[in-house]
$ cat protein30.tsv   # TSV, C-alpha atoms
chain	number	residue	atom	x	y	z
A	186	MET	CA	2.87	-33.22	25.17
A	187	LYS	CA	4.25	-32.00	21.85
A	188	LEU	CA	4.22	-28.92	19.62
A	189	VAL	CA	3.58	-30.03	16.04
A	190	ASP	CA	2.72	-28.59	12.64
A	191	ILE	CA	-0.98	-28.49	11.86
A	192	ASN	CA	-2.36	-31.37	9.77
A	193	LYS	CA	-5.74	-32.48	8.43
A	194	ASP	CA	-6.78	-33.61	11.92
A	195	THR	CA	-5.92	-30.35	13.69
A	196	GLU	CA	-6.26	-27.61	11.06
A	197	GLY	CA	-9.97	-27.13	11.77
A	198	THR	CA	-9.24	-26.44	15.44
A	199	PHE	CA	-6.33	-24.21	14.43
A	200	PHE	CA	-8.29	-22.08	11.95
A	201	ARG	CA	-11.11	-21.67	14.47
A	202	CYS	CA	-8.59	-20.57	17.12
A	203	MET	CA	-9.55	-23.55	19.36
A	204	HIS	CA	-13.22	-22.48	19.30
A	205	ASP	CA	-14.47	-25.89	18.24
A	206	GLU	CA	-17.80	-25.13	19.91
A	207	ARG	CA	-18.57	-22.66	17.12
A	208	LEU	CA	-19.85	-23.47	13.67
A	209	GLU	CA	-17.41	-22.68	10.88
A	210	ASN	CA	-17.91	-19.35	9.14
A	211	PRO	CA	-16.93	-20.29	5.57
A	212	PRO	CA	-15.96	-16.77	4.36
A	213	VAL	CA	-13.73	-16.29	7.44
A	214	ILE	CA	-12.09	-19.71	7.09
A	215	GLU	CA	-11.55	-19.02	3.38
A	216	LEU	CA	-9.65	-15.81	4.22
A	217	ARG	CA	-7.52	-17.65	6.77
A	218	HIS	CA	-6.73	-20.47	4.36
A	219	ARG	CA	-5.88	-18.01	1.60
A	220	TRP	CA	-3.40	-16.19	3.85
A	221	TYR	CA	-1.92	-19.49	5.03
A	222	ASP	CA	-1.50	-20.74	1.45
A	223	GLN	CA	0.20	-17.46	0.48
A	224	TYR	CA	2.70	-17.35	3.33
A	225	LYS	CA	3.52	-20.98	4.16
A	226	SER	CA	6.22	-20.88	1.46
A	227	LYS	CA	7.68	-17.71	3.04
A	228	GLY	CA	8.69	-19.27	6.33
A	229	LEU	CA	5.33	-19.25	8.13
A	230	ARG	CA	5.12	-21.80	10.95
A	231	THR	CA	1.67	-22.89	12.14
A	232	LYS	CA	1.65	-25.23	15.12
A	233	VAL	CA	-0.63	-26.70	17.76
A	234	LEU	CA	0.22	-27.95	21.25
A	235	VAL	CA	-1.15	-31.47	21.68
A	236	ARG	CA	-1.47	-33.18	25.07
A	237	ASP	CA	-0.77	-36.87	25.52
A	238	ASP	CA	-4.54	-37.51	25.26
A	239	ASN	CA	-4.48	-35.81	21.80
A	240	ALA	CA	-6.38	-32.74	23.01
A	241	VAL	CA	-5.26	-29.45	21.41
A	242	VAL	CA	-4.53	-27.03	24.26
A	243	GLY	CA	-2.53	-24.32	22.51
A	244	LEU	CA	-1.51	-22.87	19.17
A	245	CYS	CA	1.01	-20.47	17.70
A	246	GLN	CA	2.07	-18.86	14.43
A	247	TYR	CA	5.37	-17.17	13.68
A	248	ILE	CA	7.11	-15.93	10.56
A	249	PRO	CA	10.26	-14.09	9.39
A	250	ILE	CA	9.79	-10.45	10.36
A	251	GLU	CA	9.87	-9.11	6.79
A	252	HIS	CA	6.49	-10.80	6.21
A	253	SER	CA	4.89	-9.28	9.30
A	254	PRO	CA	3.55	-5.83	10.26
A	255	LEU	CA	6.84	-5.17	12.08
A	256	THR	CA	10.23	-4.10	10.79
A	257	GLY	CA	13.58	-5.61	11.68
A	258	GLU	CA	16.47	-7.73	10.47
A	259	ASN	CA	17.07	-11.46	10.90
A	260	LEU	CA	14.25	-11.86	13.40
A	261	PHE	CA	11.11	-13.95	13.64
A	262	THR	CA	7.76	-12.43	14.63
A	263	ILE	CA	5.18	-14.23	16.74
A	264	LEU	CA	1.84	-13.53	15.07
A	265	CYS	CA	-0.41	-15.54	17.35
A	266	PHE	CA	0.26	-17.39	20.60
A	267	ALA	CA	-2.47	-18.83	22.79
A	268	VAL	CA	-3.18	-21.44	25.44
A	269	HIS	CA	-6.83	-22.47	25.81
A	270	GLY	CA	-8.24	-20.17	28.48
A	271	TYR	CA	-11.94	-21.02	28.51
A	272	GLU	CA	-13.88	-23.34	30.80
A	273	HIS	CA	-15.69	-25.17	28.01
A	274	LEU	CA	-14.33	-27.99	25.83
A	275	VAL	CA	-10.86	-28.92	27.18
A	276	GLY	CA	-11.20	-26.35	29.97
A	277	ASN	CA	-8.86	-23.61	31.11
A	278	GLN	CA	-5.31	-24.85	30.47
A	279	GLN	CA	-3.47	-21.69	31.46
A	280	GLY	CA	-1.07	-21.67	34.38
A	281	LYS	CA	0.17	-25.20	33.69
A	282	GLY	CA	3.44	-24.34	31.95
A	283	TYR	CA	2.11	-24.88	28.43
A	284	GLY	CA	2.95	-21.34	27.35
A	285	LYS	CA	6.56	-21.71	28.46
A	286	PHE	CA	6.78	-25.06	26.70
A	287	MET	CA	5.54	-23.57	23.42
A	288	LEU	CA	7.69	-20.44	23.60
A	289	ASP	CA	10.83	-22.43	24.36
A	290	ALA	CA	10.09	-24.65	21.36
A	291	ILE	CA	9.51	-21.86	18.86
A	292	GLU	CA	12.53	-19.91	20.06
A	293	ARG	CA	14.62	-23.04	19.57
A	294	ASP	CA	13.21	-23.45	16.06
A	295	ALA	CA	13.91	-19.79	15.24
A	296	ARG	CA	17.51	-20.10	16.47
A	297	ASN	CA	18.02	-23.23	14.38
A	298	SER	CA	16.65	-21.32	11.37
A	299	GLY	CA	19.34	-18.65	11.78
A	300	ALA	CA	17.24	-15.94	13.44
A	301	LYS	CA	19.03	-13.49	15.73
A	302	GLY	CA	16.00	-12.91	17.92
A	303	MET	CA	12.25	-13.07	18.35
A	304	ALA	CA	9.77	-10.17	18.25
A	305	VAL	CA	6.15	-10.04	19.36
A	306	ARG	CA	3.38	-7.44	19.45
A	307	ALA	CA	2.04	-8.06	22.96
A	308	GLU	CA	-1.04	-6.46	24.47
A	309	TYR	CA	-1.60	-4.79	27.79
A	310	ASN	CA	-4.57	-3.00	29.32
A	311	PRO	CA	-4.86	-2.63	33.11
A	312	GLU	CA	-8.66	-2.96	32.81
A	313	TRP	CA	-8.50	-6.37	31.18
A	314	ASP	CA	-8.57	-9.70	32.95
A	315	LYS	CA	-4.95	-10.55	33.74
A	316	LYS	CA	-4.89	-13.60	31.46
A	317	TRP	CA	-5.59	-11.41	28.39
A	318	SER	CA	-2.70	-9.00	29.09
A	319	THR	CA	0.28	-10.79	27.58
A	320	VAL	CA	3.10	-8.38	28.44
A	321	PRO	CA	3.80	-9.87	31.92
A	322	PHE	CA	4.17	-13.35	30.42
A	323	TYR	CA	6.74	-12.25	27.85
A	324	GLU	CA	8.65	-10.22	30.44
A	325	HIS	CA	8.78	-13.32	32.63
A	326	MET	CA	10.21	-15.19	29.65
A	327	GLY	CA	13.05	-12.71	29.16
A	328	TYR	CA	11.53	-10.30	26.65
A	329	SER	CA	11.99	-6.54	26.94
A	330	ARG	CA	9.85	-3.62	25.77
A	331	VAL	CA	10.89	-1.71	22.66
A	332	GLU	CA	7.97	0.55	21.79
A	333	THR	CA	4.41	1.18	22.96
A	334	SER	CA	1.44	2.25	20.85
A	335	GLY	CA	-1.98	2.29	22.49
A	336	PRO	CA	-2.68	-1.13	24.03
A	337	PHE	CA	0.14	-2.71	22.03
A	338	VAL	CA	3.66	-3.21	23.34
A	339	LEU	CA	6.40	-4.26	20.94
A	340	MET	CA	8.71	-6.70	22.73
A	341	TRP	CA	11.71	-8.73	21.72
A	342	LYS	CA	14.30	-11.22	22.87
A	343	PRO	CA	17.73	-11.14	21.18
A	344	PHE	CA	19.53	-14.45	20.75
A	345	VAL	CA	22.92	-12.91	19.89
A	346	LYS	CA	24.76	-9.73	20.85
A	347	ASP	CA	24.66	-8.11	17.41
A	348	ALA	CA	20.88	-8.48	17.02
A	349	LYS	CA	19.03	-5.24	16.25
A	350	PRO	CA	15.70	-4.44	17.93
A	351	PRO	CA	12.51	-4.41	15.86
A	352	ALA	CA	10.12	-1.49	15.39
A	353	PHE	CA	6.48	-0.90	14.60
A	354	PHE	CA	5.89	-0.34	10.90
A	355	HIS	CA	4.98	3.32	10.29
A	356	PRO	CA	3.89	3.94	6.69
A	357	ILE	CA	4.61	7.27	5.05
A	358	ARG	CA	1.76	9.66	5.79
A	359	GLN	CA	-0.09	11.02	2.81
A	360	PRO	CA	-1.94	14.36	2.59
A	361	SER	CA	-5.67	14.14	3.28
A	362	LYS	CA	-8.05	14.78	0.38
A	363	LYS	CA	-11.67	15.80	0.17
A	364	ARG	CA	-13.65	13.00	-1.47
A	365	ASP	CA	-17.12	12.71	-2.97
A	366	LYS	CA	-17.25	9.07	-1.90
A	367	THR	CA	-16.50	7.67	1.54
A	368	LYS	CA	-13.13	5.96	1.61
A	369	VAL	CA	-13.37	2.60	3.37
A	370	THR	CA	-10.05	0.90	4.07
A	371	MET	CA	-10.01	-2.59	5.57
A	372	PHE	CA	-6.65	-3.63	6.99
A	373	ILE	CA	-6.61	-7.39	7.36
A	374	ASN	CA	-4.29	-9.75	9.20
A	375	GLY	CA	-5.03	-13.06	7.51
A	376	TRP	CA	-3.74	-15.08	10.45
A	377	CYS	CA	-6.36	-13.67	12.84
A	378	ASN	CA	-9.96	-14.88	13.06
A	379	ILE	CA	-11.12	-11.57	14.52
A	380	ASP	CA	-9.63	-9.51	11.70
A	381	CYS	CA	-10.98	-11.93	9.08
A	382	SER	CA	-14.42	-11.68	10.68
A	383	CYS	CA	-14.17	-7.87	10.55
A	384	CYS	CA	-13.28	-8.09	6.86
A	385	VAL	CA	-16.34	-10.24	6.15
A	386	SER	CA	-18.49	-7.74	8.07
A	387	ALA	CA	-17.00	-4.82	6.11
A	388	ARG	CA	-17.84	-6.53	2.84
A	389	GLY	CA	-21.38	-7.01	4.07
A	390	ALA	CA	-21.61	-3.37	5.12
A	391	ILE	CA	-20.90	-2.05	1.63
A	392	ALA	CA	-23.02	-4.61	-0.21
A	393	GLY	CA	-25.61	-2.72	-2.24
A	394	ILE	CA	-24.07	0.70	-1.64
A	395	GLU	CA	-20.82	0.19	-3.56
A	396	GLY	CA	-21.50	3.38	-5.51
A	397	MET	CA	-21.13	5.45	-2.32
A	398	VAL	CA	-17.70	4.14	-1.33
A	399	ASN	CA	-14.15	3.64	-2.46
A	400	TYR	CA	-13.38	0.31	-0.81
A	401	GLN	CA	-9.99	-1.36	-0.49
A	402	GLU	CA	-8.59	-4.29	1.46
A	403	ILE	CA	-4.94	-4.24	2.47
A	404	ASP	CA	-2.93	-7.16	3.82
A	405	THR	CA	-0.81	-5.72	6.64
A	406	SER	CA	2.00	-8.11	5.67
A	407	ASP	CA	2.25	-6.51	2.22
A	408	ARG	CA	4.71	-3.64	2.65
A	409	ALA	CA	4.21	-2.24	-0.85
A	410	LYS	CA	0.46	-1.89	-0.38
A	411	MET	CA	0.89	-0.51	3.12
A	412	LEU	CA	3.16	2.22	1.77
A	413	SER	CA	0.69	3.21	-0.93
A	414	HIS	CA	-2.54	3.02	1.04
A	415	GLY	CA	-2.84	6.79	1.55
A	416	ILE	CA	-4.07	6.72	5.17
A	417	ASP	CA	-3.26	9.97	6.94
A	418	ASN	CA	-3.44	8.81	10.55
A	419	PRO	CA	-0.65	8.38	13.11
A	420	GLU	CA	-2.59	5.61	14.88
A	421	LEU	CA	-2.11	3.14	12.05
A	422	PRO	CA	0.40	0.96	13.94
A	423	VAL	CA	-2.29	0.48	16.59
A	424	VAL	CA	-5.51	0.11	14.64
A	425	TRP	CA	-5.30	-2.45	11.84
A	426	GLU	CA	-8.96	-2.86	11.06
A	427	VAL	CA	-11.32	-0.37	9.39
A	428	PHE	CA	-10.74	3.29	8.50
A	429	LEU	CA	-13.40	5.64	7.16
A	430	ASP	CA	-11.96	8.65	5.34
A	431	ASP	CA	-8.61	7.97	7.06
A	432	GLU	CA	-10.13	7.87	10.54
A	433	PRO	CA	-10.40	4.61	12.53
A	434	PHE	CA	-13.91	3.22	12.85
A	435	LYS	CA	-14.15	2.28	16.53
A	436	PRO	CA	-10.96	1.96	18.61
A	437	TYR	CA	-9.13	-1.35	18.68
A	438	GLY	CA	-10.97	-3.93	20.73
A	439	THR	CA	-14.39	-2.27	20.45
A	440	GLN	CA	-17.08	-4.63	19.20
A	441	TRP	CA	-18.95	-3.50	16.11
A	442	THR	CA	-21.33	-5.07	13.64
A	443	CYS	CA	-21.90	-4.96	9.93
A	444	GLU	CA	-24.95	-2.78	10.63
A	445	ASP	CA	-22.86	-0.37	12.76
A	446	LEU	CA	-20.37	0.15	9.95
A	447	ARG	CA	-23.03	0.48	7.26
A	448	GLY	CA	-24.87	3.08	9.34
A	449	GLU	CA	-21.73	5.18	9.72
A	450	ILE	CA	-20.96	4.94	6.00
A	451	LEU	CA	-24.48	6.14	5.19
A	452	ARG	CA	-24.14	8.99	7.69
A	453	LEU	CA	-20.86	10.16	6.15
A	454	SER	CA	-22.25	9.81	2.62
A	455	LYS	CA	-25.30	11.89	3.50
A	456	LYS	CA	-23.07	14.57	5.04
A	457	LYS	CA	-20.99	14.72	1.84
A	458	SER	CA	-24.13	15.06	-0.31
A	459	GLN	CA	-25.28	18.06	1.73
A	460	ARG	CA	-22.06	20.02	1.26
$ encode --input "protein30.tsv" --output "structure tokens"
Amino acid sequence: MKLVDINKDTEGTFFRCMHDERLENPPVIELRHRWYDQYKSKGLRTKVLVRDDNAVVGLCQYIPIEHSPLTGENLFTILCFAVHGYEHLVGNQQGKGYGKFMLDAIERDARNSGAKGMAVRAEYNPEWDKKWSTVPFYEHMGYSRVETSGPFVLMWKPFVKDAKPPAFFHPIRQPSKKRDKTKVTMFINGWCNIDCSCCVSARGAIAGIEGMVNYQEIDTSDRAKMLSHGIDNPELPVVWEVFLDDEPFKPYGTQWTCEDLRGEILRLSKKKSQR
């Protein structure tokens, strides 16, 4: 078993988040590749856990914290960390020590790179299946809670005594404005298949009705754009997907379709036209 950088043989599995049973969605994969190409020169690590039989059973991504949606000094941020938890393909591989193996390896790499600690935005919801609530795992591995926002728990593990804890990134709130067009803001995490899929759906939702909307896409790793986005909503550290007129469209984790979003945009646009 070994944790290795992705290569031409494993990048397809990596960019599909181990869902090799699914057909590639070219626009989603393009967004993931574009983000990867942009940040691999900025310290991004992208790795897969390979068993002795060459099966990929886990993956992870981590990056210096200044290129993540968190704030901090001399820390690395875990962006994505997963062990295959489904019954199909290689089967459920959780509970076999693979997570500990991966986390030990990336912590060792971060220490060797001069980091003073590791941060992660974990998730917890008592209604979820236990394997999808990641907070207990990180606590078991020596991480402590720093801040909670909705279903997200910011956790960290200092490597040295003078390490400073991280924090959620809270952009400066801007005053709300009345608009003739519906403001559609898509916050995208390029490392995440779900967020990239949401972005593709948002583009589809506005296709043909561009004249009704002011549409913008914002990379949550780009601090300058995050500071200038103009969203007036305190939930921003929690919901990094779609906002309509500064209000989140569906809470985090709620499934929505291109048609759902388009319908809401049309509803808001009709309401504005009747004022």
$ atom_distance --input "protein30.tsv" --atom1 "atom CA of A:Glu251" --atom2 "atom CA of A:Val233"
23.2 Å
$ closest_residue --input "protein30.tsv" --among "A:Gly299, A:Gly327, A:Gly280, A:Gly243" --to "A:Glu258" --atoms "all atoms listed in the file"
A:Gly299
$ closest_residue --input "protein30.tsv" --among "A:Gly270, A:Pro350, A:Gly282, A:Gly335" --to "A:His204" --atoms "all atoms listed in the file"
A:Gly270
$ residues_near_point --input "protein30.tsv" --point "(-23.0, -2.2, 12.2)" --cutoff "12 Å" --atoms "only C-alpha atoms" --output "number ranges by chain"
A: 383, 386-391, 434-435, 439-451
$ residues_around --input "protein30.tsv" --residues "stretch 206-212 of chain A" --least-positions-apart "4" --cutoff "8 Å" --atoms "all atoms listed in the file" --output "number ranges by chain"
A: 201, 216, 274, 385
$ write_last_selection --input "protein30.tsv" --atoms "C-alpha atoms" --output "short mmCIF file (atom, residue, chain, number, x, y, z; two decimals), in the coordinates of the input"
data_model
loop_
_atom_site.label_atom_id
_atom_site.label_comp_id
_atom_site.auth_asym_id
_atom_site.auth_seq_id
_atom_site.Cartn_x
_atom_site.Cartn_y
_atom_site.Cartn_z
CA ARG A 201 -11.11 -21.67 14.47
CA LEU A 216 -9.65 -15.81 4.22
CA LEU A 274 -14.33 -27.99 25.83
CA VAL A 385 -16.34 -10.24 6.15
#
$ closest_residue --input "protein30.tsv" --among "A:Ala240, A:Glu272, A:Tyr247, A:Ile379" --to "A:Lys227" --atoms "all atoms listed in the file"
A:Tyr247
$ residues_around --input "protein30.tsv" --residues "A:Arg236" --least-positions-apart "5" --cutoff "10 Å" --atoms "all atoms listed in the file" --output "list of chain:residue names"
A:Met186, A:Lys187, A:Leu188, A:Val241, A:Val242, A:Gly243, A:Tyr283
$ atom_distance --input "protein30.tsv" --atom1 "atom CA of A:Thr198" --atom2 "atom CA of A:Ile263"
18.9 Å
$ residues_around --input "protein30.tsv" --residues "A:Thr405" --least-positions-apart "3" --cutoff "7 Å" --atoms "only C-alpha atoms" --output "list in words"
Pro254, Phe372, Ile373, Asn374 and Met411 of chain A
$ closest_residue --input "protein30.tsv" --among "A:Asn399, A:Ser454, A:Ser406, A:Thr333" --to "A:Leu255" --atoms "all atoms listed in the file"
A:Ser406
$ closest_residue --input "protein30.tsv" --among "A:Asp404, A:Thr262, A:Met371, A:Phe199" --to "A:Leu339" --atoms "all atoms listed in the file"
A:Thr262
$ residues_near_point --input "protein30.tsv" --point "(-16.8, 5.3, 0.2)" --cutoff "6 Å" --atoms "only C-alpha atoms" --output "JSON, numbers by chain"
{"A": [366, 367, 368, 369, 397, 398, 399]}
$ atom_distance --input "protein30.tsv" --atom1 "atom CA of A:Gln223" --atom2 "atom CA of A:Asn239"
28.5 Å
$ residues_around --input "protein30.tsv" --residues "A:Pro343" --least-positions-apart "5" --cutoff "7 Å" --atoms "all atoms listed in the file" --output "PyMOL selection string"
chain A and resi 301-303+348
$ closest_residue --input "protein30.tsv" --among "A:Thr195, A:Ser298, A:Gln459, A:Ser329" --to "A:Leu260" --atoms "all atoms listed in the file"
A:Ser298
$ residues_around --input "protein30.tsv" --residues "A:Val331" --least-positions-apart "6" --cutoff "10 Å" --atoms "all atoms listed in the file" --output "JSON, numbers by chain"
{"A": [304, 306, 338, 339, 340, 341, 350, 351, 352, 353]}
$ decode --input "protein30.tsv" --residues "stretch 328-411 of chain A" --atoms "C-alpha atoms" --output "CSV table (one decimal), in the first residue's frame"
chain,number,residue,atom,x,y,z
A,328,TYR,CA,-7.4,17.3,15.8
A,329,SER,CA,-9.3,19.8,17.8
A,330,ARG,CA,-12.3,22.1,16.9
A,331,VAL,CA,-11.7,25.8,16.3
A,332,GLU,CA,-14.9,27.1,14.8
A,333,THR,CA,-18.3,25.8,13.8
A,334,SER,CA,-20.5,27.2,11.0
A,335,GLY,CA,-23.6,25.2,10.0
A,336,PRO,CA,-22.6,21.6,9.2
A,337,PHE,CA,-18.9,22.6,8.9
A,338,VAL,CA,-16.4,22.3,11.7
A,339,LEU,CA,-13.0,23.9,11.3
A,340,MET,CA,-10.4,21.6,12.9
A,341,TRP,CA,-6.6,21.7,13.2
A,342,LYS,CA,-3.6,19.9,14.5
A,343,PRO,CA,-0.6,22.0,15.4
A,344,PHE,CA,2.9,20.5,14.9
A,345,VAL,CA,4.8,23.1,17.0
A,346,LYS,CA,4.0,25.1,20.1
A,347,ASP,CA,4.0,28.5,18.3
A,348,ALA,CA,1.5,27.5,15.6
A,349,LYS,CA,-1.5,29.8,15.3
A,350,PRO,CA,-5.0,28.3,14.8
A,351,PRO,CA,-6.8,28.8,11.5
A,352,ALA,CA,-10.1,30.5,10.9
A,353,PHE,CA,-13.0,30.5,8.5
A,354,PHE,CA,-12.6,33.2,5.8
A,355,HIS,CA,-15.2,35.9,6.4
A,356,PRO,CA,-15.3,38.4,3.5
A,357,ILE,CA,-16.2,42.0,4.2
A,358,ARG,CA,-20.0,42.4,4.0
A,359,GLN,CA,-21.3,44.8,1.4
A,360,PRO,CA,-24.5,46.8,1.6
A,361,SER,CA,-27.4,45.2,-0.3
A,362,LYS,CA,-28.7,46.9,-3.5
A,363,LYS,CA,-31.9,46.8,-5.4
A,364,ARG,CA,-31.3,45.4,-8.8
A,365,ASP,CA,-33.3,45.3,-12.1
A,366,LYS,CA,-31.6,42.0,-12.9
A,367,THR,CA,-31.2,38.9,-10.7
A,368,LYS,CA,-27.7,38.6,-9.4
A,369,VAL,CA,-26.5,35.0,-9.7
A,370,THR,CA,-23.2,34.3,-7.9
A,371,MET,CA,-21.6,30.9,-8.3
A,372,PHE,CA,-18.9,30.1,-5.8
A,373,ILE,CA,-16.8,27.3,-7.1
A,374,ASN,CA,-14.2,25.0,-5.4
A,375,GLY,CA,-12.3,23.6,-8.4
A,376,TRP,CA,-11.1,20.6,-6.4
A,377,CYS,CA,-14.6,19.3,-5.8
A,378,ASN,CA,-16.6,17.3,-8.3
A,379,ILE,CA,-19.9,18.4,-6.7
A,380,ASP,CA,-19.1,22.1,-6.8
A,381,CYS,CA,-17.9,21.8,-10.4
A,382,SER,CA,-21.1,19.9,-11.3
A,383,CYS,CA,-23.1,22.7,-9.7
A,384,CYS,CA,-21.2,25.3,-11.7
A,385,VAL,CA,-22.0,23.4,-15.0
A,386,SER,CA,-25.7,23.3,-13.9
A,387,ALA,CA,-25.7,27.1,-13.1
A,388,ARG,CA,-24.3,27.8,-16.6
A,389,GLY,CA,-27.1,25.7,-18.1
A,390,ALA,CA,-29.7,27.5,-16.0
A,391,ILE,CA,-28.9,30.9,-17.4
A,392,ALA,CA,-28.4,29.8,-21.0
A,393,GLY,CA,-30.8,31.8,-23.1
A,394,ILE,CA,-31.9,34.1,-20.4
A,395,GLU,CA,-28.5,35.9,-19.9
A,396,GLY,CA,-30.3,39.3,-20.3
A,397,MET,CA,-32.2,38.7,-17.1
A,398,VAL,CA,-29.2,38.1,-14.9
A,399,ASN,CA,-25.9,39.4,-13.7
A,400,TYR,CA,-23.9,36.2,-13.5
A,401,GLN,CA,-20.4,35.8,-11.9
A,402,GLU,CA,-18.3,32.8,-11.0
A,403,ILE,CA,-15.9,33.2,-8.1
A,404,ASP,CA,-13.1,30.8,-7.2
A,405,THR,CA,-13.2,30.5,-3.4
A,406,SER,CA,-9.4,30.2,-3.3
A,407,ASP,CA,-9.1,33.7,-4.9
A,408,ARG,CA,-9.0,36.1,-1.9
A,409,ALA,CA,-9.2,39.2,-4.0
A,410,LYS,CA,-12.3,38.1,-5.8
A,411,MET,CA,-13.9,36.9,-2.6
